[in-house]
$ cat coords.txt   # compact mmCIF, N, CA and C atoms
# COMPACT_ATOMS: atom_id res chain seq x y z
N MET A 1 15.77 -8.56 -3.16
CA MET A 1 14.45 -7.94 -3.11
C MET A 1 13.46 -8.97 -2.59
N ARG A 2 12.54 -8.49 -1.74
CA ARG A 2 11.47 -9.37 -1.26
C ARG A 2 10.20 -8.55 -1.10
N ILE A 3 9.07 -9.23 -1.07
CA ILE A 3 7.81 -8.54 -0.85
C ILE A 3 7.71 -8.16 0.62
N HIS A 4 7.45 -6.89 0.89
CA HIS A 4 7.27 -6.38 2.25
C HIS A 4 5.82 -6.57 2.68
N HIS A 5 4.87 -6.12 1.84
CA HIS A 5 3.45 -6.34 2.09
C HIS A 5 2.66 -6.16 0.80
N ILE A 6 1.43 -6.59 0.83
CA ILE A 6 0.52 -6.42 -0.29
C ILE A 6 -0.66 -5.59 0.20
N GLY A 7 -0.92 -4.47 -0.47
CA GLY A 7 -2.01 -3.58 -0.08
C GLY A 7 -3.23 -3.82 -0.95
N LEU A 8 -4.36 -4.07 -0.31
CA LEU A 8 -5.62 -4.31 -1.00
C LEU A 8 -6.73 -3.54 -0.31
N ARG A 9 -7.90 -3.50 -0.90
CA ARG A 9 -9.02 -2.83 -0.25
C ARG A 9 -10.07 -3.86 0.13
N CYS A 10 -10.83 -3.50 1.14
CA CYS A 10 -11.96 -4.31 1.57
C CYS A 10 -13.05 -3.35 2.01
N ARG A 11 -14.29 -3.66 1.70
CA ARG A 11 -15.39 -2.75 2.05
C ARG A 11 -15.70 -2.75 3.54
N ARG A 12 -15.60 -3.92 4.20
CA ARG A 12 -15.98 -4.01 5.61
C ARG A 12 -14.92 -4.76 6.40
N GLU A 13 -14.61 -4.23 7.59
CA GLU A 13 -13.61 -4.86 8.44
C GLU A 13 -14.02 -6.27 8.84
N ALA A 14 -15.31 -6.48 9.08
CA ALA A 14 -15.78 -7.82 9.45
C ALA A 14 -15.47 -8.83 8.34
N ASP A 15 -15.60 -8.41 7.09
CA ASP A 15 -15.27 -9.30 5.97
C ASP A 15 -13.78 -9.59 5.93
N ALA A 16 -12.97 -8.56 6.20
CA ALA A 16 -11.52 -8.75 6.23
C ALA A 16 -11.13 -9.69 7.37
N ASP A 17 -11.73 -9.50 8.55
CA ASP A 17 -11.46 -10.39 9.68
C ASP A 17 -11.78 -11.83 9.34
N ARG A 18 -12.91 -12.01 8.70
CA ARG A 18 -13.37 -13.36 8.36
C ARG A 18 -12.43 -14.03 7.34
N PHE A 19 -12.03 -13.28 6.29
CA PHE A 19 -11.19 -13.87 5.25
C PHE A 19 -9.74 -14.02 5.71
N TYR A 20 -9.11 -12.89 6.09
CA TYR A 20 -7.68 -12.90 6.40
C TYR A 20 -7.38 -13.54 7.75
N GLY A 21 -8.33 -13.36 8.71
CA GLY A 21 -8.13 -13.94 10.04
C GLY A 21 -8.64 -15.36 10.14
N ASP A 22 -9.95 -15.52 9.95
CA ASP A 22 -10.57 -16.83 10.14
C ASP A 22 -10.16 -17.85 9.08
N LEU A 23 -10.19 -17.46 7.82
CA LEU A 23 -9.87 -18.41 6.76
C LEU A 23 -8.37 -18.63 6.61
N LEU A 24 -7.61 -17.54 6.46
CA LEU A 24 -6.17 -17.68 6.21
C LEU A 24 -5.36 -17.85 7.49
N GLY A 25 -5.96 -17.58 8.64
CA GLY A 25 -5.26 -17.77 9.91
C GLY A 25 -4.24 -16.70 10.22
N LEU A 26 -4.37 -15.52 9.61
CA LEU A 26 -3.44 -14.43 9.86
C LEU A 26 -3.90 -13.63 11.08
N GLU A 27 -2.95 -13.04 11.78
CA GLU A 27 -3.24 -12.25 12.96
C GLU A 27 -3.41 -10.79 12.58
N LYS A 28 -4.46 -10.16 13.11
CA LYS A 28 -4.64 -8.71 12.90
C LYS A 28 -3.62 -8.04 13.82
N THR A 29 -2.61 -7.38 13.23
CA THR A 29 -1.48 -6.90 14.02
C THR A 29 -1.57 -5.44 14.43
N ASP A 30 -2.10 -4.60 13.60
CA ASP A 30 -2.22 -3.18 13.93
C ASP A 30 -3.11 -2.52 12.91
N GLY A 31 -3.36 -1.29 13.12
CA GLY A 31 -4.22 -0.57 12.20
C GLY A 31 -3.90 0.90 12.24
N GLY A 32 -4.88 1.68 12.00
CA GLY A 32 -4.69 3.12 12.01
C GLY A 32 -5.44 3.75 10.87
N SER A 33 -5.19 5.03 10.73
CA SER A 33 -5.85 5.80 9.69
C SER A 33 -4.78 6.54 8.90
N VAL A 34 -4.90 6.50 7.60
CA VAL A 34 -3.99 7.24 6.74
C VAL A 34 -4.62 8.61 6.51
N PRO A 35 -3.92 9.70 6.89
CA PRO A 35 -4.53 11.03 6.82
C PRO A 35 -4.78 11.51 5.39
N PRO A 36 -5.75 12.43 5.23
CA PRO A 36 -6.11 12.92 3.89
C PRO A 36 -4.94 13.43 3.05
N PRO A 37 -3.99 14.22 3.61
CA PRO A 37 -2.91 14.70 2.74
C PRO A 37 -2.09 13.56 2.11
N LEU A 38 -1.82 12.52 2.90
CA LEU A 38 -1.05 11.38 2.36
C LEU A 38 -1.89 10.59 1.38
N MET A 39 -3.17 10.37 1.68
CA MET A 39 -4.06 9.66 0.75
C MET A 39 -4.17 10.41 -0.57
N ARG A 40 -4.25 11.74 -0.49
CA ARG A 40 -4.36 12.56 -1.71
C ARG A 40 -3.10 12.44 -2.55
N GLN A 41 -1.93 12.58 -1.91
CA GLN A 41 -0.67 12.55 -2.65
C GLN A 41 -0.39 11.19 -3.26
N LEU A 42 -0.70 10.13 -2.53
CA LEU A 42 -0.34 8.80 -3.00
C LEU A 42 -1.41 8.14 -3.87
N PHE A 43 -2.68 8.37 -3.53
CA PHE A 43 -3.74 7.62 -4.19
C PHE A 43 -4.82 8.48 -4.84
N GLY A 44 -4.76 9.81 -4.69
CA GLY A 44 -5.77 10.68 -5.27
C GLY A 44 -7.12 10.59 -4.58
N ILE A 45 -7.12 10.22 -3.30
CA ILE A 45 -8.35 10.11 -2.52
C ILE A 45 -8.34 11.22 -1.48
N ASP A 46 -9.39 12.04 -1.45
CA ASP A 46 -9.41 13.23 -0.60
C ASP A 46 -10.07 13.01 0.75
N ARG A 47 -9.72 11.94 1.43
CA ARG A 47 -10.23 11.70 2.78
C ARG A 47 -9.33 10.70 3.49
N ALA A 48 -9.43 10.67 4.80
CA ALA A 48 -8.69 9.67 5.58
C ALA A 48 -9.27 8.29 5.30
N ILE A 49 -8.42 7.30 5.31
CA ILE A 49 -8.85 5.91 5.10
C ILE A 49 -8.26 5.07 6.23
N ASP A 50 -9.10 4.26 6.87
CA ASP A 50 -8.63 3.33 7.89
C ASP A 50 -8.01 2.13 7.22
N LYS A 51 -7.00 1.55 7.90
CA LYS A 51 -6.38 0.34 7.37
C LYS A 51 -6.10 -0.63 8.50
N ARG A 52 -6.02 -1.89 8.17
CA ARG A 52 -5.71 -2.95 9.11
C ARG A 52 -4.65 -3.85 8.48
N ASN A 53 -3.74 -4.36 9.29
CA ASN A 53 -2.73 -5.29 8.81
C ASN A 53 -3.03 -6.69 9.34
N TYR A 54 -2.87 -7.67 8.49
CA TYR A 54 -3.04 -9.08 8.84
C TYR A 54 -1.74 -9.78 8.47
N ALA A 55 -1.11 -10.46 9.43
CA ALA A 55 0.22 -11.00 9.20
C ALA A 55 0.36 -12.42 9.74
N GLY A 56 1.29 -13.13 9.13
CA GLY A 56 1.64 -14.48 9.59
C GLY A 56 2.50 -15.16 8.56
N ALA A 57 3.41 -16.01 9.01
CA ALA A 57 4.27 -16.82 8.13
C ALA A 57 4.98 -15.99 7.07
N GLY A 58 5.50 -14.82 7.47
CA GLY A 58 6.25 -13.99 6.54
C GLY A 58 5.41 -13.24 5.52
N LEU A 59 4.12 -13.19 5.73
CA LEU A 59 3.21 -12.55 4.79
C LEU A 59 2.42 -11.46 5.51
N VAL A 60 2.30 -10.29 4.88
CA VAL A 60 1.52 -9.19 5.45
C VAL A 60 0.59 -8.63 4.38
N PHE A 61 -0.70 -8.55 4.72
CA PHE A 61 -1.67 -7.87 3.88
C PHE A 61 -2.04 -6.57 4.59
N GLU A 62 -1.91 -5.45 3.88
CA GLU A 62 -2.31 -4.13 4.37
C GLU A 62 -3.67 -3.85 3.74
N ILE A 63 -4.72 -3.90 4.55
CA ILE A 63 -6.08 -3.81 4.03
C ILE A 63 -6.65 -2.42 4.29
N PHE A 64 -6.98 -1.70 3.22
CA PHE A 64 -7.58 -0.38 3.30
C PHE A 64 -9.10 -0.56 3.32
N LEU A 65 -9.75 0.00 4.32
CA LEU A 65 -11.20 -0.13 4.46
C LEU A 65 -11.87 0.99 3.68
N VAL A 66 -12.25 0.67 2.45
CA VAL A 66 -12.86 1.64 1.53
C VAL A 66 -14.23 1.10 1.17
N ASP A 67 -15.28 1.75 1.67
CA ASP A 67 -16.62 1.22 1.48
C ASP A 67 -17.25 1.59 0.16
N GLY A 68 -16.77 2.62 -0.51
CA GLY A 68 -17.36 3.02 -1.77
C GLY A 68 -16.87 2.19 -2.93
N ALA A 69 -17.67 2.07 -3.93
CA ALA A 69 -17.25 1.38 -5.14
C ALA A 69 -16.69 2.40 -6.11
N GLY A 70 -16.01 1.94 -7.10
CA GLY A 70 -15.54 2.84 -8.14
C GLY A 70 -14.03 2.92 -8.21
N GLU A 71 -13.59 3.75 -9.13
CA GLU A 71 -12.18 3.86 -9.45
C GLU A 71 -11.31 4.23 -8.26
N ALA A 72 -11.72 5.19 -7.44
CA ALA A 72 -10.90 5.64 -6.32
C ALA A 72 -10.64 4.52 -5.33
N SER A 73 -11.60 3.64 -5.14
CA SER A 73 -11.43 2.57 -4.16
C SER A 73 -10.40 1.54 -4.60
N ASP A 74 -10.12 1.46 -5.88
CA ASP A 74 -9.14 0.51 -6.38
C ASP A 74 -7.73 1.08 -6.42
N ARG A 75 -7.55 2.37 -6.21
CA ARG A 75 -6.23 2.99 -6.30
C ARG A 75 -5.30 2.57 -5.18
N VAL A 76 -5.82 2.06 -4.08
CA VAL A 76 -4.96 1.70 -2.95
C VAL A 76 -4.22 0.39 -3.16
N ALA A 77 -4.62 -0.41 -4.13
CA ALA A 77 -3.99 -1.70 -4.36
C ALA A 77 -2.54 -1.52 -4.78
N HIS A 78 -1.64 -2.25 -4.09
CA HIS A 78 -0.21 -2.16 -4.42
C HIS A 78 0.55 -3.32 -3.80
N VAL A 79 1.75 -3.53 -4.29
CA VAL A 79 2.70 -4.46 -3.70
C VAL A 79 3.86 -3.63 -3.18
N CYS A 80 4.28 -3.90 -1.95
CA CYS A 80 5.41 -3.17 -1.37
C CYS A 80 6.65 -4.07 -1.42
N LEU A 81 7.72 -3.55 -2.00
CA LEU A 81 8.96 -4.30 -2.15
C LEU A 81 10.05 -3.74 -1.24
N ASP A 82 10.78 -4.62 -0.57
CA ASP A 82 11.99 -4.24 0.14
C ASP A 82 13.12 -4.30 -0.88
N VAL A 83 13.84 -3.21 -1.05
CA VAL A 83 14.97 -3.15 -1.98
C VAL A 83 16.17 -2.55 -1.26
N ALA A 84 17.36 -2.81 -1.78
CA ALA A 84 18.59 -2.33 -1.15
C ALA A 84 18.70 -0.81 -1.19
N ASP A 85 18.31 -0.19 -2.31
CA ASP A 85 18.47 1.26 -2.45
C ASP A 85 17.24 1.86 -3.14
N PRO A 86 16.21 2.23 -2.34
CA PRO A 86 14.97 2.76 -2.94
C PRO A 86 15.19 4.02 -3.78
N ASP A 87 16.08 4.91 -3.36
CA ASP A 87 16.32 6.14 -4.13
C ASP A 87 16.89 5.83 -5.51
N ALA A 88 17.83 4.89 -5.56
CA ALA A 88 18.42 4.52 -6.85
C ALA A 88 17.37 3.87 -7.76
N LEU A 89 16.52 3.03 -7.19
CA LEU A 89 15.48 2.40 -7.99
C LEU A 89 14.50 3.45 -8.52
N ALA A 90 14.12 4.41 -7.68
CA ALA A 90 13.21 5.48 -8.12
C ALA A 90 13.84 6.30 -9.24
N GLU A 91 15.10 6.64 -9.11
CA GLU A 91 15.79 7.41 -10.16
C GLU A 91 15.87 6.61 -11.46
N ARG A 92 16.18 5.32 -11.36
CA ARG A 92 16.25 4.47 -12.55
C ARG A 92 14.87 4.39 -13.21
N ALA A 93 13.81 4.28 -12.39
CA ALA A 93 12.45 4.23 -12.93
C ALA A 93 12.11 5.52 -13.68
N ARG A 94 12.45 6.68 -13.06
CA ARG A 94 12.20 7.97 -13.74
C ARG A 94 12.95 8.03 -15.07
N ALA A 95 14.21 7.63 -15.06
CA ALA A 95 15.03 7.67 -16.28
C ALA A 95 14.45 6.78 -17.37
N MET A 96 13.77 5.71 -16.96
CA MET A 96 13.17 4.79 -17.93
C MET A 96 11.77 5.22 -18.33
N GLY A 97 11.26 6.33 -17.77
CA GLY A 97 9.97 6.85 -18.14
C GLY A 97 8.79 6.32 -17.32
N PHE A 98 9.06 5.63 -16.22
CA PHE A 98 7.99 5.14 -15.36
C PHE A 98 7.61 6.22 -14.35
N ALA A 99 6.34 6.29 -14.01
CA ALA A 99 5.85 7.28 -13.04
C ALA A 99 6.38 6.95 -11.65
N VAL A 100 6.81 7.98 -10.94
CA VAL A 100 7.26 7.85 -9.56
C VAL A 100 6.46 8.86 -8.73
N VAL A 101 5.84 8.38 -7.67
CA VAL A 101 5.06 9.23 -6.76
C VAL A 101 5.75 9.17 -5.41
N ARG A 102 6.05 10.35 -4.87
CA ARG A 102 6.76 10.41 -3.58
C ARG A 102 6.06 11.43 -2.69
N ALA A 103 5.80 11.04 -1.44
CA ALA A 103 5.11 11.93 -0.51
C ALA A 103 5.79 11.87 0.85
N PRO A 104 5.90 13.02 1.53
CA PRO A 104 6.51 13.02 2.86
C PRO A 104 5.63 12.28 3.87
N LYS A 105 6.31 11.55 4.75
CA LYS A 105 5.60 10.84 5.84
C LYS A 105 6.55 10.82 7.03
N GLY A 106 6.17 11.52 8.07
CA GLY A 106 7.03 11.58 9.26
C GLY A 106 8.38 12.18 8.92
N GLU A 107 9.44 11.50 9.28
CA GLU A 107 10.81 11.96 9.02
C GLU A 107 11.28 11.62 7.61
N GLY A 108 10.54 10.77 6.91
CA GLY A 108 10.99 10.32 5.59
C GLY A 108 9.95 10.52 4.51
N PHE A 109 9.96 9.59 3.58
CA PHE A 109 9.07 9.64 2.43
C PHE A 109 8.47 8.27 2.17
N VAL A 110 7.32 8.28 1.50
CA VAL A 110 6.73 7.06 0.94
C VAL A 110 6.89 7.19 -0.56
N THR A 111 7.41 6.15 -1.20
CA THR A 111 7.68 6.19 -2.63
C THR A 111 6.99 5.04 -3.34
N PHE A 112 6.29 5.37 -4.44
CA PHE A 112 5.65 4.38 -5.30
C PHE A 112 6.19 4.53 -6.71
N VAL A 113 6.33 3.40 -7.40
CA VAL A 113 6.69 3.36 -8.81
C VAL A 113 5.54 2.64 -9.52
N GLU A 114 5.15 3.15 -10.69
CA GLU A 114 4.09 2.52 -11.46
C GLU A 114 4.66 1.87 -12.71
N ASP A 115 4.17 0.67 -13.00
CA ASP A 115 4.59 0.05 -14.25
C ASP A 115 3.78 0.65 -15.40
N ALA A 116 4.00 0.19 -16.61
CA ALA A 116 3.36 0.76 -17.79
C ALA A 116 1.84 0.58 -17.78
N ASP A 117 1.34 -0.37 -17.00
CA ASP A 117 -0.10 -0.61 -16.93
C ASP A 117 -0.75 0.03 -15.70
N GLY A 118 0.03 0.82 -14.95
CA GLY A 118 -0.52 1.51 -13.79
C GLY A 118 -0.51 0.73 -12.50
N HIS A 119 0.10 -0.47 -12.48
CA HIS A 119 0.23 -1.22 -11.23
C HIS A 119 1.24 -0.49 -10.34
N ARG A 120 0.89 -0.36 -9.07
CA ARG A 120 1.74 0.42 -8.14
C ARG A 120 2.59 -0.49 -7.28
N PHE A 121 3.85 -0.07 -7.11
CA PHE A 121 4.81 -0.77 -6.27
C PHE A 121 5.41 0.23 -5.30
N GLU A 122 5.14 0.03 -4.01
CA GLU A 122 5.78 0.84 -2.98
C GLU A 122 7.18 0.28 -2.78
N ILE A 123 8.16 1.14 -2.64
CA ILE A 123 9.53 0.64 -2.44
C ILE A 123 10.07 1.15 -1.11
N LYS A 124 10.65 0.23 -0.35
CA LYS A 124 11.24 0.52 0.96
C LYS A 124 12.62 -0.10 1.02
N LYS A 125 13.42 0.42 1.94
CA LYS A 125 14.76 -0.14 2.14
C LYS A 125 14.62 -1.47 2.87
N GLY A 126 15.18 -2.52 2.27
CA GLY A 126 15.08 -3.87 2.83
C GLY A 126 16.07 -4.18 3.90
$ encode --input "coords.txt" --output "structure tokens"
Amino acid sequence: MRIHHIGLRCRREADADRFYGDLLGLEKTDGGSVPPPLMRQLFGIDRAIDKRNYAGAGLVFEIFLVDGAGEASDRVAHVCLDVADPDALAERARAMGFAVVRAPKGEGFVTFVEDADGHRFEIKKG
């Protein structure tokens, strides 16, 4: 298992560029917008959210540009793990009583597991 990426929020892209690009020396690699249906299913946010990725030296930060303050803006925070068998891990998590959130995306699914304190872990095949 290894960390695939870390998802965080930032209010302004210029601030993200300054911190992740200028300070940490990471390259802004791509971006895009996460559509409302996926944001709703995964994070309980009823609107599209833009995101930017900053990468370098085996590290990727997925930065969600959420300008509002409050509980909804913090829901996007997560750690993404590469695992050998995401379906088996999700089933084991369900059997152990941990919340599993799964939403269709393209040809596949996006899957999150929550620990007992509500921290979210996205799981992908490594």
$ select_by_dssp --input "coords.txt" --residues "chain A" --states "helix (DSSP H, G or I)" --output "MDAnalysis selection string"
chainID A and resid 13:23 36:43 71:74 86:95
$ closest_residue --input "coords.txt" --among "A:Ala103, A:Val66, A:Val79, A:Met1" --to "Phe121 of chain A" --atoms "all atoms listed in the file"
A:Val79
$ residues_around --input "coords.txt" --residues "Asp115 of chain A" --least-positions-apart "6" --cutoff "8 Å" --atoms "all atoms listed in the file" --output "MDAnalysis selection string"
chainID A and resid 97:99 121
$ write_last_selection --input "coords.txt" --atoms "N, CA and C atoms" --output "tab-separated table (two decimals), in the coordinates of the input"
chain	number	residue	atom	x	y	z
A	97	GLY	N	11.26	6.33	-17.77
A	97	GLY	CA	9.97	6.85	-18.14
A	97	GLY	C	8.79	6.32	-17.32
A	98	PHE	N	9.06	5.63	-16.22
A	98	PHE	CA	7.99	5.14	-15.36
A	98	PHE	C	7.61	6.22	-14.35
A	99	ALA	N	6.34	6.29	-14.01
A	99	ALA	CA	5.85	7.28	-13.04
A	99	ALA	C	6.38	6.95	-11.65
A	121	PHE	N	3.85	-0.07	-7.11
A	121	PHE	CA	4.81	-0.77	-6.27
A	121	PHE	C	5.41	0.23	-5.30
$ closest_residue --input "coords.txt" --among "A:Phe19, A:Ile63, A:Ser33, A:Gly7" --to "Ile49 of chain A" --atoms "only N, CA and C atoms"
A:Ser33
$ closest_residue --input "coords.txt" --among "A:Val113, A:Ala90, A:Leu59, A:Leu23" --to "His4 of chain A" --atoms "all atoms listed in the file"
A:Leu59
$ closest_residue --input "coords.txt" --among "A:Lys124, A:Arg94, A:Lys28, A:His5" --to "Asn53 of chain A" --atoms "all atoms listed in the file"
A:Lys28
$ residues_around --input "coords.txt" --residues "segment 10-15 of chain A" --least-positions-apart "2" --cutoff "5 Å" --atoms "all atoms listed in the file" --output "PDB file with N, CA and C atoms, keeping the file's coordinate frame"
ATOM      1  N   LEU A   8      -4.360  -4.070  -0.310  1.00  0.00           N
ATOM      2  CA  LEU A   8      -5.620  -4.310  -1.000  1.00  0.00           C
ATOM      3  C   LEU A   8      -6.730  -3.540  -0.310  1.00  0.00           C
ATOM      4  N   ASP A  17     -11.730  -9.500   8.550  1.00  0.00           N
ATOM      5  CA  ASP A  17     -11.460 -10.390   9.680  1.00  0.00           C
ATOM      6  C   ASP A  17     -11.780 -11.830   9.340  1.00  0.00           C
ATOM      7  N   ARG A  18     -12.910 -12.010   8.700  1.00  0.00           N
ATOM      8  CA  ARG A  18     -13.370 -13.360   8.360  1.00  0.00           C
ATOM      9  C   ARG A  18     -12.430 -14.030   7.340  1.00  0.00           C
ATOM     10  N   PHE A  19     -12.030 -13.280   6.290  1.00  0.00           N
ATOM     11  CA  PHE A  19     -11.190 -13.870   5.250  1.00  0.00           C
ATOM     12  C   PHE A  19      -9.740 -14.020   5.710  1.00  0.00           C
ATOM     13  N   PHE A  64      -6.980  -1.700   3.220  1.00  0.00           N
ATOM     14  CA  PHE A  64      -7.580  -0.380   3.300  1.00  0.00           C
ATOM     15  C   PHE A  64      -9.100  -0.560   3.320  1.00  0.00           C
ATOM     16  N   LEU A  65      -9.750   0.000   4.320  1.00  0.00           N
ATOM     17  CA  LEU A  65     -11.200  -0.130   4.460  1.00  0.00           C
ATOM     18  C   LEU A  65     -11.870   0.990   3.680  1.00  0.00           C
ATOM     19  N   VAL A  66     -12.250   0.670   2.450  1.00  0.00           N
ATOM     20  CA  VAL A  66     -12.860   1.640   1.530  1.00  0.00           C
ATOM     21  C   VAL A  66     -14.230   1.100   1.170  1.00  0.00           C
ATOM     22  N   ASP A  67     -15.280   1.750   1.670  1.00  0.00           N
ATOM     23  CA  ASP A  67     -16.620   1.220   1.480  1.00  0.00           C
ATOM     24  C   ASP A  67     -17.250   1.590   0.160  1.00  0.00           C
TER      25      ASP A  67
END
$ atom_distance --input "coords.txt" --atom1 "atom CA of Val110 of chain A" --atom2 "atom CA of Gln41 of chain A"
9.9 Å
$ select_by_dssp --input "coords.txt" --residues "segment 25-120 of chain A" --states "strand (DSSP E)" --output "PyMOL selection string"
chain A and resi 27-34+49-56+59-65+78-83+100-105+108-114+120
$ closest_residue --input "coords.txt" --among "A:Arg52, A:Arg2, A:Arg102, A:Arg92" --to "Glu27 of chain A" --atoms "only C-alpha atoms"
A:Arg52
